[in-house]
Structure formats: C-alpha cells, structure tokens
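J.: Have a look at this one.
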Amino acid sequence: TIALVGDSTVTNNAGWGAGFAACLSDKAQCINFSRGGRSSGSFEAEGRWQEVLAQKPDFVLIQFGHNDQPGHGPERESEPNTTYREHIQRYVDEARTAGIEPILVTPISRREWGEDNHIHYSLEPYANVVKQIAAEKKVYLIDLHDRAIEVYESLGKDGCALISPIKDNGKLDGTHLNEAGSNI
C-alpha cells in the first residue's frame, strides 16, 4: 500500500497522483490523501497526517512546498530552512515510528517561463531542503522538481500548453496538471 501526501499538485484531479497510480501493478494499492490548498503545516494541523498514519501504508510519498510559499496566509506559509524543514522532518520521523517507509518528493516545479525561455524556479529553496533532509536522514528521494524542469524545457512553452489545465479566466494554469500532464 502506497499513500500519497501533499497539496493539489499531488491530487488525482489536478496533479500527478492519478498518473502515478496508473503506473503501479495490480498488486499495489495507492491511496491519495492529498488535498488542494494544503501546506506542510496545515495538512497536519487539520488532522490529515494522523489519518495517513492510522491507515498504516507500507510507503508514504510526501510532497509539499507550493502552499508553504509566501502569499498563502500565515496558517499555511512556512520558511524553507526553519518551519518547513521541521514539518518535513517530523513527517519522516513519525512515518518511521509508525513502521511506514517515507519517500520524500521535491515539489514539482511551476511552469514559470522567463524572458530567456527557461523555467524560473521559485520552489527551489523548498526542493533543496527536501534533498538535504533526504540525505541527512537517509530517506528515498524522488527529485520531481528538477525532473519537471527538464521535461518542461524539452516540451517548450507550446508543448507545456498540452499538459496544463485552463483556468476559469481562459489562461493556462502553470502550476497544476491536466490528465495528459499527470501521465507524463
């Protein structure tokens, strides 16, 4: 059993969750606990982390960062090298204490294009902290942040339009994924 924990970019309807689950054999069960708008702090504060621990999955993939950034309100925001680090470390420690194998996932990059036609990555400080924790605590790591940037730049702006949902205002959503994006 594999549990997914994170924000909207991990959910089945706006992130990579459904695409990940589709890659698993029928011998594996994937339970997606991710919720839109959640941060590394608010997910736990709402009691969602306790729900995951109570389910006792074999593995838990943990990805936060988007809603930890400034601009999402004090109840969600966390600074990469202090509160965000503390939250992610606690997830790792508590998963292990519960007999669950944690796997850290760096936050998937937003598709923020600069004038130079390259992705400008505002989530890098959060991704770097996750990498550091994985190394310090000897936790498996999936570097989705750097891999996503590689994929986005290989697709280019026009190609990225094919994996991006359309917002209500008609513009492309550079954070979330549509079904095609979830499956790449």
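By convention here, the chains of the structure tokens are called A, B, ... in the order presented, each chain's residues are numbered starting at 1, and ligands are numbered starting at 1 in the order presented.
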DSSP on the backbone, helix (DSSP H, G or I) only: what residues of segment 5-164 of chain A does that give? Format it as an MDAnalysis selection string.
T.: chainID A and resid 8:10 17:22 42:45 48:55 66:68 80:97 124:137 144:161
J.: Find the spatial neighbours of Glu136 of chain A, counting only C-alpha atoms, within a cut-off of 12 Å - ignore same-chain residues fewer than 4 positions away - and output them as number ranges by chain.
T.: A: 85, 89, 92, 129-132, 140-141
J.: In terms of the shortest atom-to-atom distance over only C-alpha atoms, which of A:Ser25, A:Ala3, A:Ser39, A:Ile103 is closest to Ala135 of chain A?
T.: A:Ile103
J.: Got a sec: who's within 12 Å of Ile88 of chain A, counting only C-alpha atoms, leaving out chain neighbours fewer than 5 positions off, as an MDAnalysis selection string?
T.: chainID A and resid 5:6 39:41 43:44 49 61:65 68 78:83 93:95 102:106 126:127 129:134 137 139
J.: Pick from A:Val60, A:Cys30, A:Ile108, A:Ile119: nearest to Tyr91 of chain A, with only C-alpha atoms counted?
T.: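 Among A:Val60, A:Cys30, A:Ile108, A:Ile119, it is A:Val60 that comes nearest to Tyr91 of chain A.
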